>>> print(open('query11.txt').read())   # compact mmCIF, C-alpha atoms
# COMPACT_ATOMS: atom_id res chain seq x y z
CA MET A 672 -3.79 33.98 28.16
CA PRO A 673 -6.16 31.79 26.11
CA THR A 674 -4.62 29.52 23.56
CA SER A 675 -5.83 29.32 20.01
CA PRO A 676 -7.70 26.15 18.97
CA PRO A 677 -5.55 23.50 17.29
CA ASP A 678 -5.22 23.69 13.53
CA ASP A 679 -7.13 20.80 12.02
CA SER A 680 -6.00 21.42 8.45
CA ASP A 681 -3.50 18.53 8.57
CA VAL A 682 -6.20 16.18 9.85
CA ARG A 683 -8.63 17.27 7.15
CA ARG A 684 -5.98 16.76 4.50
CA ALA A 685 -5.23 13.31 5.93
CA ARG A 686 -8.91 12.40 5.65
CA ARG A 687 -9.08 13.60 2.05
CA GLU A 688 -5.97 11.68 1.04
CA ALA A 689 -7.18 8.59 2.86
CA ALA A 690 -10.58 8.72 1.18
CA GLY A 691 -9.03 9.12 -2.26
CA VAL A 692 -6.65 6.21 -1.77
CA ALA A 693 -9.41 4.03 -0.30
CA ILE A 694 -11.71 4.64 -3.27
CA ALA A 695 -8.98 4.02 -5.84
CA THR A 696 -7.71 0.86 -4.17
CA SER A 697 -11.14 -0.57 -3.38
CA ALA A 698 -12.18 -0.35 -7.02
CA TYR A 699 -9.48 -2.84 -7.94
CA GLY A 700 -11.10 -5.43 -5.67
CA VAL A 701 -13.51 -6.09 -8.52
CA SER A 702 -10.59 -7.54 -10.47
CA PHE A 703 -9.66 -9.84 -7.62
CA GLY A 704 -13.20 -11.13 -7.19
CA ALA A 705 -13.56 -11.88 -10.90
CA LEU A 706 -10.10 -13.45 -11.19
CA SER A 707 -10.55 -15.58 -8.09
CA VAL A 708 -13.82 -17.12 -9.30
CA ALA A 709 -12.33 -17.64 -12.76
CA SER A 710 -9.39 -19.45 -11.13
CA GLY A 711 -11.69 -22.07 -9.58
CA LEU A 712 -12.47 -20.67 -6.12
CA ASP A 713 -16.13 -20.32 -5.23
CA LEU A 714 -17.87 -17.19 -3.98
CA TRP A 715 -17.36 -17.91 -0.28
CA GLN A 716 -13.70 -18.83 -0.63
CA THR A 717 -13.10 -15.62 -2.57
CA CYS A 718 -14.81 -13.47 0.05
CA VAL A 719 -13.03 -15.17 2.95
CA LEU A 720 -9.66 -14.46 1.32
CA SER A 721 -10.48 -10.76 1.22
CA LEU A 722 -11.91 -10.72 4.73
CA LEU A 723 -9.03 -12.54 6.41
CA MET A 724 -5.95 -12.28 4.20
CA PHE A 725 -6.66 -8.66 3.20
CA THR A 726 -3.47 -7.82 1.39
CA GLY A 727 -4.14 -7.38 -2.28
CA GLY A 728 -0.79 -8.43 -3.69
CA SER A 729 -0.77 -11.66 -1.71
CA GLN A 730 -4.33 -12.44 -2.75
CA PHE A 731 -3.56 -11.96 -6.44
CA ALA A 732 -0.41 -14.09 -6.10
CA PHE A 733 -2.37 -16.86 -4.40
CA VAL A 734 -5.16 -17.12 -6.96
CA GLY A 735 -2.71 -16.63 -9.83
CA VAL A 736 -0.67 -19.67 -8.83
CA ILE A 737 -3.82 -21.70 -8.16
CA SER A 738 -5.13 -20.75 -11.59
CA ALA A 739 -1.94 -21.95 -13.26
CA GLY A 740 -1.38 -25.16 -11.31
CA GLY A 741 -4.65 -26.10 -9.68
CA LEU A 742 -4.93 -27.54 -6.17
CA ALA A 743 -1.55 -29.24 -6.51
CA ALA A 744 0.03 -25.80 -6.64
CA ALA A 745 -1.38 -24.80 -3.24
CA PRO A 746 2.02 -24.97 -1.44
CA ALA A 747 3.58 -22.69 -4.06
CA ALA A 748 0.57 -20.37 -3.86
CA ILE A 749 0.91 -20.13 -0.08
CA ALA A 750 4.66 -19.48 -0.38
CA SER A 751 4.14 -16.72 -2.94
CA ALA A 752 1.43 -15.06 -0.86
CA GLY A 753 3.60 -15.35 2.25
CA LEU A 754 6.58 -13.71 0.57
CA LEU A 755 4.49 -10.77 -0.56
CA GLY A 756 2.88 -10.47 2.86
CA ALA A 757 6.24 -10.44 4.63
CA ARG A 758 6.63 -6.75 3.87
CA ASN A 759 3.79 -6.03 6.29
CA ILE A 760 6.11 -7.04 9.15
CA ALA A 761 8.32 -4.07 8.36
CA TYR A 762 5.25 -1.85 8.08
CA GLY A 763 4.10 -3.02 11.51
CA LEU A 764 7.41 -2.09 13.11
CA ARG A 765 7.27 1.36 11.58
CA MET A 766 3.62 1.94 12.48
CA SER A 767 3.85 0.73 16.09
CA PRO A 768 4.68 4.16 17.58
CA VAL A 769 1.97 5.76 15.43
CA ILE A 770 -0.75 3.39 16.66
CA GLY A 771 0.19 3.64 20.33
CA PRO A 772 -0.49 1.23 23.23
CA GLY A 773 -3.49 -1.01 23.82
CA ALA A 774 -3.95 -4.67 22.95
CA VAL A 775 -7.30 -4.24 21.21
CA ARG A 776 -6.09 -1.26 19.19
CA ARG A 777 -2.89 -3.01 18.14
CA THR A 778 -4.74 -6.19 17.16
CA ALA A 779 -7.13 -4.25 14.94
CA ALA A 780 -4.29 -2.18 13.50
CA ALA A 781 -2.31 -5.31 12.63
CA HIS A 782 -5.05 -6.41 10.24
CA LEU A 783 -5.23 -2.97 8.63
CA THR A 784 -1.49 -2.43 8.24
CA ILE A 785 -1.10 -2.61 4.48
CA ASP A 786 0.76 -0.66 1.81
CA GLU A 787 -1.84 2.05 1.49
CA SER A 788 -2.60 2.70 5.17
CA THR A 789 1.11 2.87 5.96
CA ALA A 790 1.85 5.19 3.04
CA VAL A 791 -0.96 7.61 3.86
CA ALA A 792 -0.06 7.68 7.56
CA LEU A 793 3.64 8.32 7.02
CA ALA A 794 2.91 11.07 4.49
CA GLN A 795 1.29 13.21 7.20
CA PRO A 796 3.23 15.85 9.16
CA THR A 797 1.70 15.50 12.64
CA PRO A 798 1.03 12.53 14.98
CA ARG A 799 -2.72 13.11 15.02
CA ALA A 800 -2.91 13.37 11.23
CA ARG A 801 -0.85 10.18 10.87
CA LEU A 802 -3.23 8.32 13.16
CA VAL A 803 -6.30 9.59 11.32
CA GLY A 804 -4.71 8.80 7.96
CA PHE A 805 -3.96 5.24 9.03
CA TRP A 806 -7.39 4.37 10.40
CA VAL A 807 -9.45 6.09 7.70
CA THR A 808 -7.40 4.47 4.95
CA GLY A 809 -7.28 1.02 6.54
CA LEU A 810 -10.95 0.82 7.45
CA GLY A 811 -12.06 2.46 4.19
CA ILE A 812 -10.12 -0.02 2.07
CA TRP A 813 -11.18 -3.01 4.18
CA VAL A 814 -14.86 -2.19 3.69
CA GLY A 815 -14.51 -1.14 0.07
CA TRP A 816 -12.22 -4.02 -0.92
CA ASN A 817 -14.58 -6.63 0.49
CA LEU A 818 -17.63 -5.09 -1.14
CA SER A 819 -15.90 -4.85 -4.52
CA THR A 820 -14.57 -8.40 -4.15
CA LEU A 821 -18.14 -9.61 -3.70
CA ALA A 822 -19.26 -7.57 -6.71
CA GLY A 823 -16.45 -8.92 -8.86
CA ALA A 824 -17.17 -12.50 -7.84
CA LEU A 825 -20.87 -12.13 -8.62
CA LEU A 826 -20.53 -10.15 -11.84
CA GLY A 827 -17.24 -11.41 -13.22
CA ASP A 828 -18.78 -13.04 -16.29
CA VAL A 829 -20.83 -9.94 -17.03
CA LEU A 830 -17.97 -7.47 -16.58
CA GLY A 831 -15.41 -9.38 -18.63
CA ASP A 832 -11.76 -8.55 -18.02
CA PRO A 833 -11.73 -5.78 -15.34
CA ARG A 834 -8.31 -4.62 -16.59
CA ALA A 835 -10.08 -3.24 -19.64
CA TYR A 836 -11.52 -0.53 -17.38
CA GLY A 837 -8.10 0.54 -16.11
CA LEU A 838 -8.78 -0.55 -12.54
CA ASP A 839 -5.38 -2.22 -12.29
CA ALA A 840 -3.75 1.21 -12.56
CA ALA A 841 -5.88 2.89 -9.89
CA ALA A 842 -3.85 1.78 -6.87
CA ALA A 843 -0.54 2.59 -8.58
CA ALA A 844 -1.81 6.08 -9.43
CA ALA A 845 -2.81 6.65 -5.81
CA PHE A 846 0.66 5.63 -4.62
CA LEU A 847 2.31 7.94 -7.14
CA ALA A 848 0.18 10.84 -5.89
CA LEU A 849 1.42 10.19 -2.35
CA LEU A 850 5.03 9.75 -3.41
CA TRP A 851 5.37 12.75 -5.70
CA PRO A 852 5.40 15.51 -3.00
CA ARG A 853 8.25 13.69 -1.24
CA LEU A 854 10.55 13.78 -4.26
CA ARG A 855 12.13 17.08 -3.31
CA ARG A 856 15.68 15.85 -2.70
CA ARG A 857 18.10 13.93 -4.82
CA GLN A 858 18.32 11.20 -2.16
CA ALA A 859 14.59 10.49 -2.25
CA VAL A 860 14.63 10.33 -6.05
CA ALA A 861 17.62 7.94 -5.96
CA VAL A 862 15.88 5.61 -3.50
CA GLY A 863 12.72 5.47 -5.59
CA VAL A 864 14.52 4.92 -8.87
CA ALA A 865 16.82 2.23 -7.47
CA ALA A 866 13.94 0.27 -5.95
CA ALA A 867 11.82 0.56 -9.10
CA VAL A 868 14.64 -0.60 -11.39
CA VAL A 869 15.44 -3.62 -9.23
CA ALA A 870 11.78 -4.66 -8.90
CA THR A 871 11.18 -4.28 -12.65
CA ALA A 872 14.27 -6.31 -13.54
CA LEU A 873 13.48 -9.16 -11.14
CA THR A 874 9.73 -9.50 -11.74
CA PRO A 875 9.98 -11.67 -14.91
CA ILE A 876 12.62 -14.05 -13.52
CA VAL A 877 11.84 -14.78 -9.86
CA MET A 878 8.78 -15.98 -7.96
CA PRO A 879 6.16 -13.43 -6.86
CA GLY A 880 7.07 -11.60 -3.67
CA LEU A 881 10.83 -11.63 -4.03
CA PRO A 882 11.09 -8.52 -6.24
CA VAL A 883 9.27 -6.46 -3.61
CA LEU A 884 11.51 -7.69 -0.79
CA VAL A 885 14.74 -7.21 -2.74
CA ALA A 886 13.67 -3.74 -3.90
CA ALA A 887 12.88 -2.81 -0.29
CA GLY A 888 16.35 -3.98 0.72
CA VAL A 889 17.94 -1.86 -2.00
CA ALA A 890 15.94 1.17 -0.86
CA VAL A 891 17.08 0.66 2.73
CA VAL A 892 20.73 0.39 1.70
CA VAL A 893 20.63 3.48 -0.52
CA GLY A 894 18.78 5.46 2.13
CA TRP A 895 20.93 4.25 5.03
CA PHE A 896 24.23 5.25 3.47
CA ASN A 897 22.79 8.49 2.07
CA TRP A 898 24.90 8.02 -1.05
CA PHE A 899 23.16 10.74 -3.02
CA GLY A 900 22.26 13.21 -0.28
CA ASN A 901 23.66 16.49 1.00
CA GLY A 902 24.84 17.64 -2.43
CA ARG A 903 24.21 20.68 -4.57
CA GLY A 904 21.83 18.55 -6.61
CA ASP A 905 19.32 18.70 -3.75
CA GLU A 906 19.35 22.49 -3.76
CA VAL A 907 19.05 22.71 -7.53
CA LEU A 908 16.17 20.21 -7.56
CA ALA A 909 14.35 22.10 -4.80
CA ARG A 910 14.77 25.44 -6.58
CA GLY A 911 13.55 23.94 -9.85
CA ARG A 912 10.33 22.70 -8.23
CA ALA A 913 9.78 26.01 -6.47
CA SER A 914 10.10 28.04 -9.69
>>> encode(input="query11.txt", output="structure tokens")
Amino acid sequence: MPTSPPDDSDVRRARREAAGVAIATSAYGVSFGALSVASGLDLWQTCVLSLLMFTGGSQFAFVGVISAGGLAAAPAAIASAGLLGARNIAYGLRMSPVIGPGAVRRTAAAHLTIDESTAVALAQPTPRARLVGFWVTGLGIWVGWNLSTLAGALLGDVLGDPRAYGLDAAAAAAFLALLWPRLRRRQAVAVGVAAAVVATALTPIVMPGLPVLVAAGVAVVVGWFNWFGNGRGDEVLARGRAS
């Protein structure tokens, strides 16, 4: 008895989501390029940071500290960037079974394992869609981010402050679009709210990178103990969204 061809709708949806996130995130690279040059780095140093470091939060932390303290602040800049980049270790552990075996594949995937590629991949329902979501997002952002970094570095003086165009909100909006469909249970809402509150409270008082790590720890604790799950609130919330 012949079998029906596999349903590619999940893969097509993964590609669409990945393309949308890649475009939104890449646009913000203009801000990094302009800020980096304004902070004292030259064009080549700015481009190398995007090519090799390739983790937006760490890059902004690095040039931000350099801008405030000059070359003498390099150790603090490296520490801040390292703290923010430490979250990618956790992403790598989670993405390992998605990527699969192979030294070359894993080496390439390690460079592309960032917030966005991990989020898009884990939002997909099937293994194939997760793999497609990861690679399309990672490669799309890597290419787009580096091109927009170059544009920002070259045109920074002409563009003025890129935040005036709302580019700083593009990546956050893309993340919210990925997160929203998952907020169907009280537990998921509790995890998101707890992490957001902790990160917001700590951001003004601790060095860059720490709020993200502490918020991730809070999310793990709330999720691990399932403090807010398995209650009638989940059913009520699900019915409310379905109506």
>>> atom_distance(input="query11.txt", atom1="CA of Gly827 in chain A", atom2="CA of Val807 in chain A")
28.4 Å
>>> residues_around(input="query11.txt", residues="Ala865 in chain A", least_positions_apart="5", cutoff="8 Å", atoms="all atoms listed in the file", output="list in words")
Ala886, Val889 and Ala890 of chain A
>>> atom_distance(input="query11.txt", atom1="CA of Pro798 in chain A", atom2="CA of Val682 in chain A")
9.6 Å
>>> closest_residue(input="query11.txt", among="A:Leu826, A:Pro882, A:Val814, A:Ala779", to="Ala709 in chain A", atoms="all atoms listed in the file")
A:Leu826
>>> residues_around(input="query11.txt", residues="Asp681 in chain A", least_positions_apart="5", cutoff="10 Å", atoms="only C-alpha atoms", output="PyMOL selection string")
chain A and resi 686-687+795-801+803-804
>>> closest_residue(input="query11.txt", among="A:Gly728, A:Gly809, A:Pro875, A:Pro768", to="Thr789 in chain A", atoms="all atoms listed in the file")
A:Gly809
>>> atom_distance(input="query11.txt", atom1="CA of Gly771 in chain A", atom2="CA of Trp806 in chain A")
12.5 Å
>>> residues_near_point(input="query11.txt", point="(-15.1, -8.0, 1.5)", cutoff="6 Å", atoms="only C-alpha atoms", output="PyMOL selection string")
chain A and resi 718+721-722+816-818+820
